[in-house]
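Coordinates from entry23.csv are shown below (CSV, N, CA and C atoms).
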```csv
chain,number,residue,atom,x,y,z
B,390,MET,N,-13.8,30.2,-6.5
B,390,MET,CA,-12.7,29.5,-6.9
B,390,MET,C,-12.9,29.0,-8.3
B,391,LYS,N,-11.9,29.0,-9.2
B,391,LYS,CA,-12.1,28.5,-10.5
B,391,LYS,C,-12.2,27.0,-10.6
B,392,LEU,N,-12.8,26.5,-11.6
B,392,LEU,CA,-13.0,25.1,-11.8
B,392,LEU,C,-11.6,24.4,-11.9
B,393,LYS,N,-10.7,25.0,-12.5
B,393,LYS,CA,-9.3,24.4,-12.7
B,393,LYS,C,-8.7,24.2,-11.3
B,394,GLN,N,-8.8,25.2,-10.4
B,394,GLN,CA,-8.2,25.2,-9.1
B,394,GLN,C,-8.9,24.1,-8.3
B,395,ILE,N,-10.2,23.9,-8.4
B,395,ILE,CA,-10.9,22.9,-7.6
B,395,ILE,C,-10.4,21.5,-8.1
B,396,ALA,N,-10.3,21.4,-9.4
B,396,ALA,CA,-9.8,20.1,-9.9
B,396,ALA,C,-8.4,19.8,-9.5
B,397,LEU,N,-7.5,20.8,-9.5
B,397,LEU,CA,-6.2,20.5,-9.0
B,397,LEU,C,-6.1,20.2,-7.5
B,398,MET,N,-6.9,20.8,-6.7
B,398,MET,CA,-7.0,20.5,-5.3
B,398,MET,C,-7.5,19.1,-5.0
B,399,ALA,N,-8.5,18.7,-5.8
B,399,ALA,CA,-9.1,17.4,-5.7
B,399,ALA,C,-8.1,16.3,-6.1
B,400,ALA,N,-7.3,16.6,-7.1
B,400,ALA,CA,-6.3,15.6,-7.6
B,400,ALA,C,-5.2,15.5,-6.5
B,401,ALA,N,-4.8,16.7,-6.0
B,401,ALA,CA,-3.8,16.6,-4.9
B,401,ALA,C,-4.3,15.9,-3.7
B,402,GLY,N,-5.5,16.0,-3.4
B,402,GLY,CA,-6.1,15.3,-2.2
B,402,GLY,C,-6.1,13.8,-2.5
B,403,LEU,N,-6.4,13.4,-3.7
B,403,LEU,CA,-6.3,12.0,-4.0
B,403,LEU,C,-4.9,11.4,-3.9
B,404,LEU,N,-4.0,12.2,-4.4
B,404,LEU,CA,-2.6,11.7,-4.3
B,404,LEU,C,-2.1,11.6,-2.8
B,405,VAL,N,-2.5,12.5,-2.0
B,405,VAL,CA,-2.1,12.5,-0.6
B,405,VAL,C,-2.8,11.3,0.1
B,406,ALA,N,-4.1,11.1,-0.2
B,406,ALA,CA,-4.8,10.0,0.4
B,406,ALA,C,-4.2,8.7,0.0
B,407,GLY,N,-3.8,8.5,-1.3
B,407,GLY,CA,-3.2,7.3,-1.7
B,407,GLY,C,-1.9,7.0,-1.1
B,408,ALA,N,-1.1,8.1,-1.0
B,408,ALA,CA,0.3,8.0,-0.4
B,408,ALA,C,0.2,7.8,1.1
B,409,ALA,N,-0.9,8.3,1.7
B,409,ALA,CA,-1.0,8.3,3.2
B,409,ALA,C,-1.1,6.8,3.7
B,410,HIS,N,-1.5,5.9,3.0
B,410,HIS,CA,-1.6,4.5,3.5
B,410,HIS,C,-0.3,3.8,3.1
B,411,ALA,N,0.6,3.9,4.0
B,411,ALA,CA,1.9,3.2,3.8
B,411,ALA,C,1.9,1.9,4.5
B,412,GLY,N,0.9,1.6,5.2
B,412,GLY,CA,0.8,0.3,5.9
B,412,GLY,C,0.8,0.5,7.4
B,413,ASP,N,0.1,-0.4,8.1
B,413,ASP,CA,-0.1,-0.4,9.5
B,413,ASP,C,0.2,-1.8,10.0
B,414,ALA,N,1.3,-2.0,10.7
B,414,ALA,CA,1.7,-3.3,11.2
B,414,ALA,C,0.7,-4.0,12.1
B,415,LYS,N,0.0,-3.2,12.9
B,415,LYS,CA,-1.1,-3.8,13.7
B,415,LYS,C,-2.2,-4.4,12.9
B,416,LYS,N,-2.6,-3.7,11.9
B,416,LYS,CA,-3.6,-4.2,11.0
B,416,LYS,C,-3.1,-5.4,10.2
B,417,GLY,N,-1.8,-5.3,9.8
B,417,GLY,CA,-1.1,-6.4,9.1
B,417,GLY,C,-1.1,-7.6,9.9
B,418,ALA,N,-0.9,-7.5,11.2
B,418,ALA,CA,-0.9,-8.7,12.1
B,418,ALA,C,-2.3,-9.4,12.0
B,419,ALA,N,-3.3,-8.6,11.9
B,419,ALA,CA,-4.7,-9.2,11.8
B,419,ALA,C,-4.8,-9.9,10.4
B,420,VAL,N,-4.3,-9.2,9.4
B,420,VAL,CA,-4.4,-9.8,8.0
B,420,VAL,C,-3.6,-11.1,8.0
B,421,PHE,N,-2.4,-11.2,8.8
B,421,PHE,CA,-1.6,-12.4,8.8
B,421,PHE,C,-2.3,-13.6,9.3
B,422,GLN,N,-3.4,-13.4,10.1
B,422,GLN,CA,-4.1,-14.5,10.6
B,422,GLN,C,-4.6,-15.4,9.4
B,423,ARG,N,-4.8,-14.9,8.2
B,423,ARG,CA,-5.2,-15.6,7.1
B,423,ARG,C,-4.0,-16.5,6.6
B,424,CYS,N,-2.8,-16.2,7.0
B,424,CYS,CA,-1.6,-16.9,6.5
B,424,CYS,C,-1.2,-17.9,7.6
B,425,ALA,N,-1.6,-17.7,8.9
B,425,ALA,CA,-1.1,-18.4,10.0
B,425,ALA,C,-1.4,-19.9,10.0
B,426,MET,N,-2.4,-20.3,9.3
B,426,MET,CA,-2.6,-21.8,9.2
B,426,MET,C,-1.5,-22.5,8.5
B,427,CYS,N,-0.8,-21.8,7.6
B,427,CYS,CA,0.3,-22.4,6.9
B,427,CYS,C,1.7,-21.9,7.2
B,428,HIS,N,1.7,-20.7,7.8
B,428,HIS,CA,3.1,-20.1,8.0
B,428,HIS,C,3.2,-19.7,9.5
B,429,ALA,N,4.4,-20.0,10.1
B,429,ALA,CA,4.7,-19.5,11.4
B,429,ALA,C,5.3,-18.1,11.1
B,430,ASN,N,5.4,-17.3,12.2
B,430,ASN,CA,5.8,-15.9,12.1
B,430,ASN,C,6.8,-15.6,13.3
B,431,THR,N,7.4,-16.6,13.9
B,431,THR,CA,8.3,-16.3,15.0
B,431,THR,C,9.7,-17.0,14.7
B,432,LYS,N,10.7,-16.4,15.3
B,432,LYS,CA,12.0,-16.9,15.2
B,432,LYS,C,12.0,-18.3,15.7
B,433,ASP,N,12.5,-19.2,14.9
B,433,ASP,CA,12.6,-20.6,15.2
B,433,ASP,C,11.2,-21.2,15.3
B,434,GLY,N,10.2,-20.6,14.7
B,434,GLY,CA,8.8,-21.1,14.7
B,434,GLY,C,8.6,-22.4,13.9
B,435,GLY,N,9.6,-22.7,13.1
B,435,GLY,CA,9.5,-23.9,12.3
B,435,GLY,C,8.6,-23.7,11.1
B,436,ASN,N,8.9,-24.6,10.2
B,436,ASN,CA,8.1,-24.6,8.9
B,436,ASN,C,6.8,-25.4,9.2
B,437,ARG,N,5.8,-25.0,8.5
B,437,ARG,CA,4.5,-25.7,8.5
B,437,ARG,C,4.2,-26.2,7.1
B,438,ILE,N,3.0,-26.0,6.6
B,438,ILE,CA,2.7,-26.3,5.2
B,438,ILE,C,3.6,-25.4,4.3
B,439,GLY,N,3.8,-24.2,4.8
B,439,GLY,CA,4.6,-23.2,4.2
B,439,GLY,C,5.8,-22.9,5.1
B,440,PRO,N,6.8,-22.2,4.6
B,440,PRO,CA,8.0,-21.8,5.4
B,440,PRO,C,7.7,-20.8,6.4
B,441,ASP,N,8.5,-20.8,7.5
B,441,ASP,CA,8.4,-19.8,8.5
B,441,ASP,C,8.7,-18.4,7.9
B,442,LEU,N,7.9,-17.4,8.1
B,442,LEU,CA,8.0,-16.1,7.5
B,442,LEU,C,8.8,-15.1,8.4
B,443,PHE,N,9.3,-15.6,9.5
B,443,PHE,CA,10.2,-14.7,10.3
B,443,PHE,C,11.4,-14.4,9.5
B,444,GLY,N,11.7,-13.1,9.3
B,444,GLY,CA,12.9,-12.7,8.6
B,444,GLY,C,12.7,-12.7,7.1
B,445,ILE,N,11.5,-12.8,6.6
B,445,ILE,CA,11.3,-13.0,5.1
B,445,ILE,C,11.8,-11.8,4.3
B,446,VAL,N,11.6,-10.5,4.8
B,446,VAL,CA,12.0,-9.4,4.1
B,446,VAL,C,13.5,-9.3,4.1
B,447,GLY,N,14.1,-9.3,2.8
B,447,GLY,CA,15.5,-9.3,2.6
B,447,GLY,C,16.1,-10.7,2.4
B,448,ARG,N,15.3,-11.8,2.6
B,448,ARG,CA,15.8,-13.1,2.4
B,448,ARG,C,15.6,-13.5,0.9
B,449,LYS,N,16.5,-14.3,0.4
B,449,LYS,CA,16.4,-14.8,-1.0
B,449,LYS,C,15.3,-15.8,-1.0
B,450,ALA,N,14.5,-15.7,-2.1
B,450,ALA,CA,13.3,-16.7,-2.2
B,450,ALA,C,13.8,-18.1,-2.3
B,451,GLY,N,13.1,-19.0,-1.6
B,451,GLY,CA,13.4,-20.4,-1.7
B,451,GLY,C,14.5,-20.9,-0.9
B,452,THR,N,14.8,-20.1,0.2
B,452,THR,CA,16.0,-20.5,1.0
B,452,THR,C,15.8,-20.7,2.5
B,453,ALA,N,14.5,-20.7,3.0
B,453,ALA,CA,14.3,-20.9,4.4
B,453,ALA,C,14.8,-22.3,4.8
B,454,THR,N,15.6,-22.4,5.8
B,454,THR,CA,16.2,-23.6,6.2
B,454,THR,C,15.2,-24.7,6.5
B,455,GLY,N,15.4,-25.9,5.9
B,455,GLY,CA,14.6,-27.0,6.2
B,455,GLY,C,13.2,-27.1,5.5
B,456,PHE,N,12.9,-26.1,4.7
B,456,PHE,CA,11.6,-26.2,4.0
B,456,PHE,C,11.8,-26.8,2.6
B,457,TYR,N,10.9,-27.7,2.2
B,457,TYR,CA,11.0,-28.3,0.9
B,457,TYR,C,10.2,-27.5,-0.2
B,458,TYR,N,11.0,-26.6,-0.9
B,458,TYR,CA,10.4,-25.7,-1.8
B,458,TYR,C,10.2,-26.4,-3.2
B,459,SER,N,9.2,-25.8,-3.9
B,459,SER,CA,9.0,-26.3,-5.3
B,459,SER,C,10.2,-25.9,-6.1
B,460,PRO,N,10.4,-26.6,-7.2
B,460,PRO,CA,11.5,-26.3,-8.1
B,460,PRO,C,11.4,-24.8,-8.6
B,461,ALA,N,10.1,-24.4,-8.8
B,461,ALA,CA,9.9,-23.0,-9.3
B,461,ALA,C,10.4,-22.0,-8.3
B,462,MET,N,10.1,-22.2,-7.0
B,462,MET,CA,10.5,-21.2,-6.0
B,462,MET,C,12.0,-21.3,-5.8
B,463,LYS,N,12.6,-22.5,-5.8
B,463,LYS,CA,14.0,-22.6,-5.7
B,463,LYS,C,14.7,-21.8,-6.8
B,464,ALA,N,14.2,-21.8,-8.0
B,464,ALA,CA,14.8,-21.2,-9.2
B,464,ALA,C,14.4,-19.7,-9.3
B,465,ALA,N,13.6,-19.2,-8.4
B,465,ALA,CA,13.0,-17.8,-8.6
B,465,ALA,C,14.2,-16.8,-8.7
B,466,GLY,N,15.2,-16.9,-7.8
B,466,GLY,CA,16.4,-16.1,-7.9
B,466,GLY,C,16.2,-14.6,-7.5
B,467,PHE,N,15.2,-14.3,-6.8
B,467,PHE,CA,15.0,-12.9,-6.3
B,467,PHE,C,15.0,-12.9,-4.8
B,468,VAL,N,15.2,-11.6,-4.3
B,468,VAL,CA,15.1,-11.4,-2.8
B,468,VAL,C,13.7,-10.8,-2.5
B,469,TRP,N,13.2,-11.2,-1.4
B,469,TRP,CA,11.9,-10.8,-0.9
B,469,TRP,C,12.0,-9.3,-0.5
B,470,THR,N,11.7,-8.4,-1.4
B,470,THR,CA,11.6,-7.0,-1.0
B,470,THR,C,10.1,-6.7,-0.7
B,471,PRO,N,9.8,-5.6,-0.1
B,471,PRO,CA,8.4,-5.3,0.1
B,471,PRO,C,7.5,-5.3,-1.2
B,472,ASP,N,8.1,-4.7,-2.3
B,472,ASP,CA,7.3,-4.7,-3.5
B,472,ASP,C,7.1,-6.1,-4.1
B,473,LYS,N,8.2,-7.0,-4.0
B,473,LYS,CA,8.1,-8.4,-4.5
B,473,LYS,C,7.1,-9.1,-3.6
B,474,LEU,N,7.1,-8.9,-2.3
B,474,LEU,CA,6.1,-9.6,-1.5
B,474,LEU,C,4.7,-9.2,-1.8
B,475,LYS,N,4.5,-7.9,-2.0
B,475,LYS,CA,3.1,-7.4,-2.4
B,475,LYS,C,2.6,-8.1,-3.7
B,476,ALA,N,3.5,-8.1,-4.7
B,476,ALA,CA,3.1,-8.7,-5.9
B,476,ALA,C,2.8,-10.2,-5.8
B,477,TYR,N,3.7,-10.9,-5.0
B,477,TYR,CA,3.5,-12.3,-4.8
B,477,TYR,C,2.2,-12.6,-4.0
B,478,ILE,N,2.0,-11.9,-2.9
B,478,ILE,CA,0.8,-12.1,-2.1
B,478,ILE,C,-0.5,-11.8,-2.9
B,479,ALA,N,-0.4,-10.8,-3.8
B,479,ALA,CA,-1.5,-10.5,-4.6
B,479,ALA,C,-1.8,-11.6,-5.6
B,480,ASN,N,-0.8,-12.2,-6.2
B,480,ASN,CA,-1.0,-13.2,-7.2
B,480,ASN,C,0.2,-14.2,-7.2
B,481,PRO,N,0.3,-15.1,-6.4
B,481,PRO,CA,1.5,-16.0,-6.3
B,481,PRO,C,1.8,-16.7,-7.6
B,482,GLN,N,0.9,-17.2,-8.3
B,482,GLN,CA,1.2,-17.9,-9.5
B,482,GLN,C,1.7,-17.0,-10.7
B,483,LYS,N,1.3,-15.7,-10.6
B,483,LYS,CA,1.8,-14.8,-11.6
B,483,LYS,C,3.3,-14.5,-11.4
B,484,VAL,N,3.7,-14.4,-10.1
B,484,VAL,CA,5.1,-14.0,-9.8
B,484,VAL,C,6.0,-15.2,-9.9
B,485,VAL,N,5.5,-16.4,-9.4
B,485,VAL,CA,6.3,-17.6,-9.5
B,485,VAL,C,5.4,-18.7,-10.1
B,486,PRO,N,5.3,-18.8,-11.4
B,486,PRO,CA,4.5,-19.8,-12.0
B,486,PRO,C,5.0,-21.2,-11.7
B,487,GLY,N,4.1,-22.1,-11.3
B,487,GLY,CA,4.5,-23.4,-10.9
B,487,GLY,C,4.8,-23.6,-9.5
B,488,ASP,N,4.7,-22.6,-8.7
B,488,ASP,CA,4.9,-22.7,-7.2
B,488,ASP,C,3.7,-23.5,-6.6
B,489,ARG,N,4.0,-24.1,-5.5
B,489,ARG,CA,3.0,-24.9,-4.9
B,489,ARG,C,2.0,-24.2,-3.9
B,490,MET,N,2.3,-22.9,-3.7
B,490,MET,CA,1.4,-22.2,-2.7
B,490,MET,C,0.0,-22.2,-3.2
B,491,ALA,N,-0.9,-22.8,-2.5
B,491,ALA,CA,-2.3,-22.8,-2.9
B,491,ALA,C,-3.1,-21.7,-2.2
B,492,PHE,N,-2.9,-20.5,-2.7
B,492,PHE,CA,-3.5,-19.3,-2.2
B,492,PHE,C,-3.9,-18.4,-3.3
B,493,GLY,N,-5.1,-18.0,-3.3
B,493,GLY,CA,-5.6,-17.2,-4.5
B,493,GLY,C,-5.1,-15.7,-4.5
B,494,GLY,N,-4.6,-15.2,-3.3
B,494,GLY,CA,-4.0,-13.9,-3.3
B,494,GLY,C,-5.0,-12.9,-2.5
B,495,ILE,N,-4.4,-11.8,-2.2
B,495,ILE,CA,-5.1,-10.7,-1.6
B,495,ILE,C,-5.2,-9.5,-2.6
B,496,SER,N,-6.4,-9.1,-2.9
B,496,SER,CA,-6.5,-8.0,-3.9
B,496,SER,C,-6.6,-6.6,-3.3
B,497,ASP,N,-6.9,-6.5,-2.0
B,497,ASP,CA,-7.0,-5.2,-1.4
B,497,ASP,C,-5.6,-4.5,-1.2
B,498,PRO,N,-5.4,-3.4,-1.8
B,498,PRO,CA,-4.0,-2.8,-1.7
B,498,PRO,C,-3.7,-2.4,-0.3
B,499,ALA,N,-4.7,-1.9,0.5
B,499,ALA,CA,-4.4,-1.5,1.9
B,499,ALA,C,-4.0,-2.7,2.7
B,500,GLN,N,-4.7,-3.9,2.5
B,500,GLN,CA,-4.4,-5.1,3.3
B,500,GLN,C,-3.0,-5.6,2.9
B,501,LEU,N,-2.6,-5.4,1.6
B,501,LEU,CA,-1.3,-5.8,1.1
B,501,LEU,C,-0.2,-4.9,1.8
B,502,ASP,N,-0.5,-3.6,1.8
B,502,ASP,CA,0.5,-2.7,2.5
B,502,ASP,C,0.6,-3.1,4.0
B,503,ASP,N,-0.5,-3.3,4.6
B,503,ASP,CA,-0.5,-3.6,6.1
B,503,ASP,C,0.3,-4.9,6.3
B,504,LEU,N,0.0,-5.9,5.5
B,504,LEU,CA,0.6,-7.2,5.7
B,504,LEU,C,2.1,-7.1,5.5
B,505,VAL,N,2.5,-6.5,4.5
B,505,VAL,CA,4.0,-6.4,4.2
B,505,VAL,C,4.7,-5.5,5.2
B,506,VAL,N,4.1,-4.5,5.7
B,506,VAL,CA,4.7,-3.7,6.8
B,506,VAL,C,4.8,-4.6,8.1
B,507,TYR,N,3.8,-5.4,8.3
B,507,TYR,CA,3.9,-6.4,9.5
B,507,TYR,C,5.0,-7.4,9.2
B,508,LEU,N,5.1,-8.0,8.1
B,508,LEU,CA,6.1,-9.0,7.8
B,508,LEU,C,7.5,-8.3,8.0
B,509,ALA,N,7.7,-7.1,7.6
B,509,ALA,CA,9.0,-6.4,7.8
B,509,ALA,C,9.3,-6.2,9.3
B,510,THR,N,8.4,-6.3,10.2
B,510,THR,CA,8.7,-6.2,11.6
B,510,THR,C,9.2,-7.6,12.2
B,511,LEU,N,9.1,-8.6,11.4
B,511,LEU,CA,9.5,-9.9,11.9
B,511,LEU,C,11.0,-10.2,11.6
B,512,LYS,N,11.8,-9.6,12.6
B,512,LYS,CA,13.2,-9.8,12.5
B,512,LYS,C,13.9,-9.8,13.8
```
Final structure tokens representation of the file:
Amino acid sequence: MKLKQIALMAAAGLLVAGAAHAGDAKKGAAVFQRCAMCHANTKDGGNRIGPDLFGIVGRKAGTATGFYYSPAMKAAGFVWTPDKLKAYIANPQKVVPGDRMAFGGISDPAQLDDLVVYLATLK
């Protein structure tokens, strides 16, 4: 096999491997345990230090009933899409500067994918 063919096959393998991890809800439930001290994840679970995350995907930021949001989060003006959740969970202060969430973020892309897929099941 020529060197160019080997390089192309290796590159294709890396692309497939990267795309193959679309997220695993079961693993995401385990990652969520890091969030559970501040957030509920059940319908009518109530707000804790942070808002209940049941139904978060597709909800407008800063609108969970009965939660006292920071002015920054109230003014965020976006809807929680999977991509927006990944960005926020990775670096909350970068996405919503001035928000009160005291969490440094998750840097592992696989854990982010797993957690967001899990959050999407909460409906």
When you draw a straight line from atom N of B:Ala476 to atom N of B:Ala419, how long is it in Å?
17.9 Å
Test item: residues at most 7 Å from B:Ala418, all atoms listed in the file, excluding those fewer than 4 positions along its chain, as a list in words:
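After dropping sequence-adjacent residues, the list is Asp413, Ala414, Gln422, Asp503, Leu504, Tyr507 and Leu508 of chain B.
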For B:Val484, list every protein, DNA or RNA residue within 12 Å, evaluated using only C-alpha atoms, and leave out those in the same chain fewer than 4 positions away; present the list as a list of chain:residue names.
B:Ala450, B:Ala461, B:Met462, B:Ala465, B:Gly466, B:Phe467, B:Trp469, B:Asp472, B:Lys473, B:Leu474, B:Lys475, B:Ala476, B:Tyr477, B:Ile478, B:Ala479, B:Asn480, B:Asp488, B:Met490, B:Gly494
Just the residues within 6 Å of B:Arg437, please, counting only N, CA and C atoms, with nothing from its chain fewer than 4 positions along; format it as a PyMOL selection string.
chain B and resi 427-429+441
Using only N, CA and C atoms, collect all residues at a distance of at most 8 Å from (7.0, -23.4, -4.8) as written in the file, then present them as a PyMOL selection string.
chain B and resi 451+457-463+485-490
Nearest to B:Gly412, chosen from B:Asn436, B:Ala464, B:Cys424, B:Leu501, with only C-alpha atoms counted in the distances:
B:Leu501
From B:Phe421, B:Ala411, B:Met426, B:Ser496, residue lying nearest B:Ile438 [all atoms listed in the file]:
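Nearest candidate to B:Ile438 out of B:Phe421, B:Ala411, B:Met426, B:Ser496: B:Met426.
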Could you check how far atom CA of B:Asn430 sits from atom CA of B:Phe443, in Å to one decimal?
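Going from atom CA of B:Asn430 over to atom CA of B:Phe443, I get 4.9 Å.
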By how many Å are atom CA of B:Gly417 and atom CA of B:Asp502 apart?
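Computing it gives 7.7 Å between the two atoms.
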Which of these residues is nearest to B:Gly444, using all atoms listed in the file: B:Thr431, B:Pro498, B:Lys483, B:Phe456?
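Once distances to B:Gly444 are computed over all atoms listed in the file, the minimum belongs to B:Thr431.
If only C-alpha atoms are the atoms counted, then among B:Pro471, B:Gly434, B:Gly439, B:Gly447 the closest residue to B:Val505 is B:Pro471.
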Which of chain B end up as helix (DSSP H, G or I) when DSSP is run on this backbone - answer as number ranges by chain?
B: 392-409, 414-421, 460-463, 471-479, 481-484, 498-510
